[in-house]
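Presented below is the structure to which this report refers.
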Amino acid sequence: MKALVSVKRVVDYNVRIQVKPDQSGVVTDGVKMSVNPFDEIAMEEAMRLKEKGKITEIIAVTVGGAKCEETLRTALAFGADRAVHVKEEGEIQPLTAAQALAAVFKKEGAQLFLLGKQAIDDDASQTGQMVAALLDLAQATFASKVELDGSKAVVTREVDAGLETLEVDLPAVVTADLRLNEPRYLKLPDIMKAKKKPIEAVSFASLGVTPGAGLKTTKTAPPPKRGKGIVVKTVDELVAALKAKGLV
Amino acid sequence: MSKILIIGQQADGKLDSGVAKVVAAARQVGGEIDVVVFAKDGAAAAAQAAALDGVTRVLQVDRTENDHALAAVVAPQAVALARKGYSHVFVAGNTFGKDLMPRVAAKLGVQQVSDVMAVHGPTSFDRPIYAGNAIVTVEAPAAPAVVATIRLASFTAVGGGGAAPVEKISVEAVLPTHTRFVSLAAQKSERPELQSAARVVSGGRALASSENFKKFIEPLADKIGAGIGASRAAVDSGYVPNDMQVGQTGKIIAPELYFAIGISGAIQHLAGIKDARTIVAINKDAEAPIFEVADFGLVGDLFQILPELTSKI
Ligand SMILES: Cc1cc2nc3c(=O)[nH]c(=O)nc-3n(C[C@H](O)[C@H](O)[C@H](O)COP(=O)(O)OP(=O)(O)OC[C@H]3O[C@@H](n4cnc5c(N)ncnc54)[C@H](O)[C@@H]3O)c2cc1C
Ligand SMILES: Nc1ncnc2c1ncn2[C@@H]1O[C@H](COP(=O)(O)O)[C@@H](O)[C@H]1O
């Protein structure tokens, strides 16, 4: 059984984002880029399922420009067997990414699609659900536990009320939440091996995807600044300050 | 004129508190506002929706398959309804809405606007990116419909007292059977709900155990009637359950008063508390980033400070 894992190249989660002075976007030149952390978790889960003998092949896929090859190499170092690069430059919005990813999933005849629950750049949290909708498949988002059992998966999800468990028929789409697992560290030999693994390049045209209108960003602004607060010395001072503001 | 459809989340006959905030966002768009309740028996939740200020009508779709409101099951019904002349489809940006709405958007063939935090006009909205470290203004195509999730921390709930008509309707849609509800392990708590609490006390990794969380965080929360939250580190370490995580990937909250106790203030955590009116930080490290956003900071050992604070507050 094949599993597809999507990986997105994003600004590293440790970077403090700066908005460009002309408000046309955020500064990404010269900034450290990484695999979206949730996609690493998705990748790790695929590896664990493969190690348990539940799946036989892991295919990593990304939608983006030439630089995203780095991202695929990281996925290959993690343990993906091969990769598909939907090579398209420019901004790619979730619906367009989902159309391309759905096309790859279908073409590969995979049974399980693992994605991150959200990309930490656009924070959209849409793509997995959209893939599932486009292919009319079951979805289990925000997963913290995945068990494959023959033709179905039992998935525990982190929801506002607590933990929800769903049973879904395969093929299905699962999006990874933080506590699904802790991704392993990459080892040098694996990074070397990854260089030899195959990456197939495809395009929107070859997949039959026509990007739609999408959202137009008219302005990018920094968030409102909080006023600098004060440091109090004692608990009494703190309680007095909160009482003075009528907060307690 | 805009015609807005709001998916009114409910569970066990209770309308979710987020719906009143989504109605507030819809009122800023203007036009007619319909709330649809998908349930096995939605009468009680529909009546609650009908009382919300500004609602034009409530649609009640009762169907046994709607018992647990699964995204895959609700989406085809929402899509069929949305196609009946609605210009906008809105839902709360909580785990229910985030799970459901992209499925609706994809079926309608539109790009969703996630986490609307301000409404400038029928197709122009602000939303956060990069954990709220930048805010973008986006223009959404008007046709076939604007599909959006609403960031609850950004809107004040509308009041009650309305009396919109409730219509029981049926929606033609083929529902999938590939997804089945198994169970929900929910924490029952007498404390205020994190997302609507006026006061929240959160603890971080520094608490070091679930016993300490109980011993140090809970008494303060009880004393001031606060909800309890946590950092990711505290949840990952198993001190408290996942539904208490505050932040970029947890709950986004907007209390009047927020206590960050033994929390360093990573950007992912701050993303969840940007709308808190007053932030109090207690941390033994004077250089902790949380002090950059705190209105009141107190440097010191939480295990000494908290008992004293709880007794004096
Ligand atoms: C993709 C991604 C998403 C994330 N999403 C979230 C999220 O939604 N929410 C979230 O919170 N985090 C999130 N994180 C994690 C975040 O980056 C931090 O790791 C996390 O917030 C740290 O939690 P903490 O402040 O409790 O722990 P630490 O950073 O370890 O801080 C502990 C603090 O306690 C202080 N301290 C220690 N002992 C005492 C004492 N006795 N008295 C007083 N102070 C003491 C220390 O000085 C320190 O500042 C995410 C990370 C990633 C990569
Ligand atoms: N351009 C892309 N290439 C590969 N994967 C993507 C892309 N966009 C989104 N994804 C996947 O979809 C998930 C959710 O992204 P988003 O909906 O943008 O928050 C990510 O964690 C990725 O797994």
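Each chain in the structure tokens gets a letter, A, B, ..., in the order shown, and its residues are numbered from 1; ligands are numbered from 1 in order too.
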At a cut-off of 7 Å, using only C-alpha atoms, what residues contact range 12-29 of chain A? Leave out same-chain residues fewer than 3 positions from it and give the result as a PyMOL selection string.
(chain A and resi 32-34+219-222) or (chain B and resi 133-134)
Once you count only C-alpha atoms, what closest atom pair and distance in Å to one decimal does each residue of chain A within 6 Å of chain B have, with rows by chain and rising residue number, as CSV?
```
residue,atom,partner,partner_atom,distance
A:Leu95,CA,B:Gln111,CA,5.6
A:Ile120,CA,B:Tyr130,CA,5.9
A:Asp121,CA,B:Tyr130,CA,4.8
A:Asp122,CA,B:Ile129,CA,5.0
A:Asp123,CA,B:Ile129,CA,5.7
A:Ala124,CA,B:Ser114,CA,5.6
A:Gln126,CA,B:Pro102,CA,5.2
A:Gln129,CA,B:Arg103,CA,5.4
A:Met130,CA,B:Arg103,CA,5.2
A:Ala133,CA,B:Arg103,CA,5.1
A:Ala138,CA,B:His178,CA,5.7
A:Val159,CA,B:Thr95,CA,5.5
A:Asp160,CA,B:Asp243,CA,5.5
A:Ala161,CA,B:Ala186,CA,5.4
A:Gly162,CA,B:Ala186,CA,4.6
A:Leu163,CA,B:Ala185,CA,5.1
A:Glu164,CA,B:Leu184,CA,4.3
A:Thr165,CA,B:Ser183,CA,5.2
A:Leu166,CA,B:Phe181,CA,4.8
A:Glu167,CA,B:Arg180,CA,5.1
A:Val168,CA,B:Thr179,CA,4.6
A:Asp169,CA,B:His178,CA,5.1
A:Gly214,CA,B:Gln111,CA,5.3
A:Leu215,CA,B:Ala140,CA,4.9
A:Lys216,CA,B:Glu139,CA,5.0
A:Thr217,CA,B:Val138,CA,4.3
A:Thr218,CA,B:Thr137,CA,5.6
A:Lys219,CA,B:Thr137,CA,5.1
A:Thr220,CA,B:Val136,CA,4.4
A:Ala221,CA,B:Ile135,CA,5.2
A:Pro222,CA,B:Ala134,CA,4.7
A:Pro223,CA,B:Ala134,CA,5.6
A:Gly229,CA,B:Asp295,CA,3.8
A:Ile230,CA,B:Phe296,CA,5.2
A:Val231,CA,B:Gly297,CA,4.4
A:Val232,CA,B:Leu298,CA,5.5
A:Val235,CA,B:Leu309,CA,6.0
A:Val239,CA,B:Ile313,CA,5.9
```
Do you have, as a Markdown table, the list of residues of range 78-102 of chain A lying at most 10 Å from range 61-67 of chain A, each with its nearest atom pair and that distance in Å to one decimal, counting only C-alpha atoms and ordered by chain then number?
```
| residue | atom | partner | partner_atom | distance |
| --- | --- | --- | --- | --- |
| A:Ala80 | CA | A:Val61 | CA | 9.7 |
| A:Arg82 | CA | A:Val61 | CA | 8.8 |
| A:Ala83 | CA | A:Val61 | CA | 5.6 |
| A:Val84 | CA | A:Val61 | CA | 4.7 |
| A:His85 | CA | A:Thr62 | CA | 5.3 |
| A:Val86 | CA | A:Val63 | CA | 4.6 |
| A:Lys87 | CA | A:Gly64 | CA | 5.3 |
| A:Glu88 | CA | A:Gly65 | CA | 5.0 |
| A:Glu89 | CA | A:Gly65 | CA | 4.2 |
| A:Gly90 | CA | A:Gly65 | CA | 7.1 |
| A:Glu91 | CA | A:Gly64 | CA | 8.2 |
| A:Ile92 | CA | A:Gly64 | CA | 7.3 |
| A:Thr96 | CA | A:Val63 | CA | 9.2 |
| A:Ala97 | CA | A:Val63 | CA | 6.3 |
| A:Ala98 | CA | A:Val63 | CA | 9.3 |
| A:Ala100 | CA | A:Val63 | CA | 7.5 |
| A:Leu101 | CA | A:Val61 | CA | 7.6 |
```
Kindly save the residues from that selection, with N, CA, C and O atoms included, as an mmCIF file, in the first residue's frame.
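Listing of again_1.cif after writing:
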```cif
data_model
loop_
_atom_site.group_PDB
_atom_site.id
_atom_site.type_symbol
_atom_site.label_atom_id
_atom_site.label_comp_id
_atom_site.auth_asym_id
_atom_site.auth_seq_id
_atom_site.Cartn_x
_atom_site.Cartn_y
_atom_site.Cartn_z
ATOM 1 N N ALA A 80 11.443 8.806 2.599
ATOM 2 C CA ALA A 80 10.561 8.641 1.443
ATOM 3 C C ALA A 80 11.320 7.847 0.379
ATOM 4 O O ALA A 80 12.530 7.986 0.239
ATOM 5 N N ARG A 82 10.617 7.839 -2.980
ATOM 6 C CA ARG A 82 10.815 8.681 -4.153
ATOM 7 C C ARG A 82 9.953 9.920 -3.995
ATOM 8 O O ARG A 82 9.200 10.025 -3.016
ATOM 9 N N ALA A 83 10.093 10.846 -4.941
ATOM 10 C CA ALA A 83 9.389 12.115 -4.777
ATOM 11 C C ALA A 83 8.801 12.605 -6.082
ATOM 12 O O ALA A 83 9.301 12.273 -7.164
ATOM 13 N N VAL A 84 7.748 13.392 -5.966
ATOM 14 C CA VAL A 84 7.136 14.044 -7.124
ATOM 15 C C VAL A 84 7.178 15.552 -6.869
ATOM 16 O O VAL A 84 6.756 16.020 -5.807
ATOM 17 N N HIS A 85 7.724 16.284 -7.832
ATOM 18 C CA HIS A 85 7.823 17.740 -7.704
ATOM 19 C C HIS A 85 6.875 18.403 -8.711
ATOM 20 O O HIS A 85 7.116 18.350 -9.911
ATOM 21 N N VAL A 86 5.815 18.979 -8.195
ATOM 22 C CA VAL A 86 4.936 19.760 -9.070
ATOM 23 C C VAL A 86 5.600 21.124 -9.163
ATOM 24 O O VAL A 86 5.516 21.946 -8.249
ATOM 25 N N LYS A 87 6.329 21.320 -10.257
ATOM 26 C CA LYS A 87 7.235 22.460 -10.357
ATOM 27 C C LYS A 87 6.514 23.661 -10.940
ATOM 28 O O LYS A 87 6.240 23.713 -12.135
ATOM 29 N N GLU A 88 6.194 24.609 -10.081
ATOM 30 C CA GLU A 88 5.510 25.825 -10.514
ATOM 31 C C GLU A 88 6.024 26.968 -9.656
ATOM 32 O O GLU A 88 6.010 26.876 -8.430
ATOM 33 N N GLU A 89 6.477 28.036 -10.288
ATOM 34 C CA GLU A 89 6.965 29.193 -9.534
ATOM 35 C C GLU A 89 5.787 30.080 -9.132
ATOM 36 O O GLU A 89 4.686 29.926 -9.637
ATOM 37 N N GLY A 90 6.051 30.995 -8.223
ATOM 38 C CA GLY A 90 5.019 31.962 -7.830
ATOM 39 C C GLY A 90 4.183 31.483 -6.664
ATOM 40 O O GLY A 90 4.367 30.379 -6.156
ATOM 41 N N GLU A 91 3.266 32.343 -6.231
ATOM 42 C CA GLU A 91 2.436 32.039 -5.076
ATOM 43 C C GLU A 91 1.441 30.936 -5.419
ATOM 44 O O GLU A 91 0.817 30.954 -6.475
ATOM 45 N N ILE A 92 1.343 29.963 -4.536
ATOM 46 C CA ILE A 92 0.391 28.881 -4.763
ATOM 47 C C ILE A 92 -0.563 28.816 -3.583
ATOM 48 O O ILE A 92 -0.149 28.598 -2.451
ATOM 49 N N THR A 96 -5.329 25.587 -5.126
ATOM 50 C CA THR A 96 -4.507 25.176 -6.266
ATOM 51 C C THR A 96 -3.567 24.034 -5.862
ATOM 52 O O THR A 96 -3.433 23.038 -6.589
ATOM 53 N N ALA A 97 -2.937 24.181 -4.696
ATOM 54 C CA ALA A 97 -2.072 23.109 -4.203
ATOM 55 C C ALA A 97 -2.881 21.823 -4.072
ATOM 56 O O ALA A 97 -2.442 20.739 -4.475
ATOM 57 N N ALA A 98 -4.096 21.948 -3.536
ATOM 58 C CA ALA A 98 -4.936 20.769 -3.317
ATOM 59 C C ALA A 98 -5.297 20.100 -4.639
ATOM 60 O O ALA A 98 -5.320 18.867 -4.737
ATOM 61 N N ALA A 100 -3.520 20.075 -7.362
ATOM 62 C CA ALA A 100 -2.337 19.367 -7.852
ATOM 63 C C ALA A 100 -2.073 18.113 -7.019
ATOM 64 O O ALA A 100 -1.793 17.039 -7.553
ATOM 65 N N LEU A 101 -2.184 18.248 -5.703
ATOM 66 C CA LEU A 101 -1.914 17.107 -4.819
ATOM 67 C C LEU A 101 -2.938 15.997 -5.043
ATOM 68 O O LEU A 101 -2.597 14.807 -5.048
#
```
My list of candidates is A:Glu147, A:Glu158, A:Asp136, A:Asp177. Which is closest to ligand 2 when distances are computed with only C-alpha atoms and all ligand atoms?
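Checking each of A:Glu147, A:Glu158, A:Asp136, A:Asp177 against ligand 2, counting only C-alpha atoms and all ligand atoms, the winner is A:Asp177.
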Taking only C-alpha atoms and all ligand atoms into account, name the residue in A:Lys193, A:Lys117, A:Lys233, A:Lys228 that is nearest to ligand 1.
A:Lys117
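Considering the residues A:Thr210, A:Asn36, A:Thr71, A:Thr156 and counting only C-alpha atoms and all ligand atoms, ligand 2 has its shortest atom-to-atom contact with A:Asn36.
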Sel. of helix (DSSP H, G or I) residues, range 145-276 of chain B, as a ChimeraX atom specification:
/B:152-154,205-207,210-224,232-236,242-244,267-270
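Shortest separation to Ala213 in chain A among B:Ala143, B:Val158, B:Leu5, B:Val22 occurs at residue B:Ala143, atoms counted being only C-alpha atoms.
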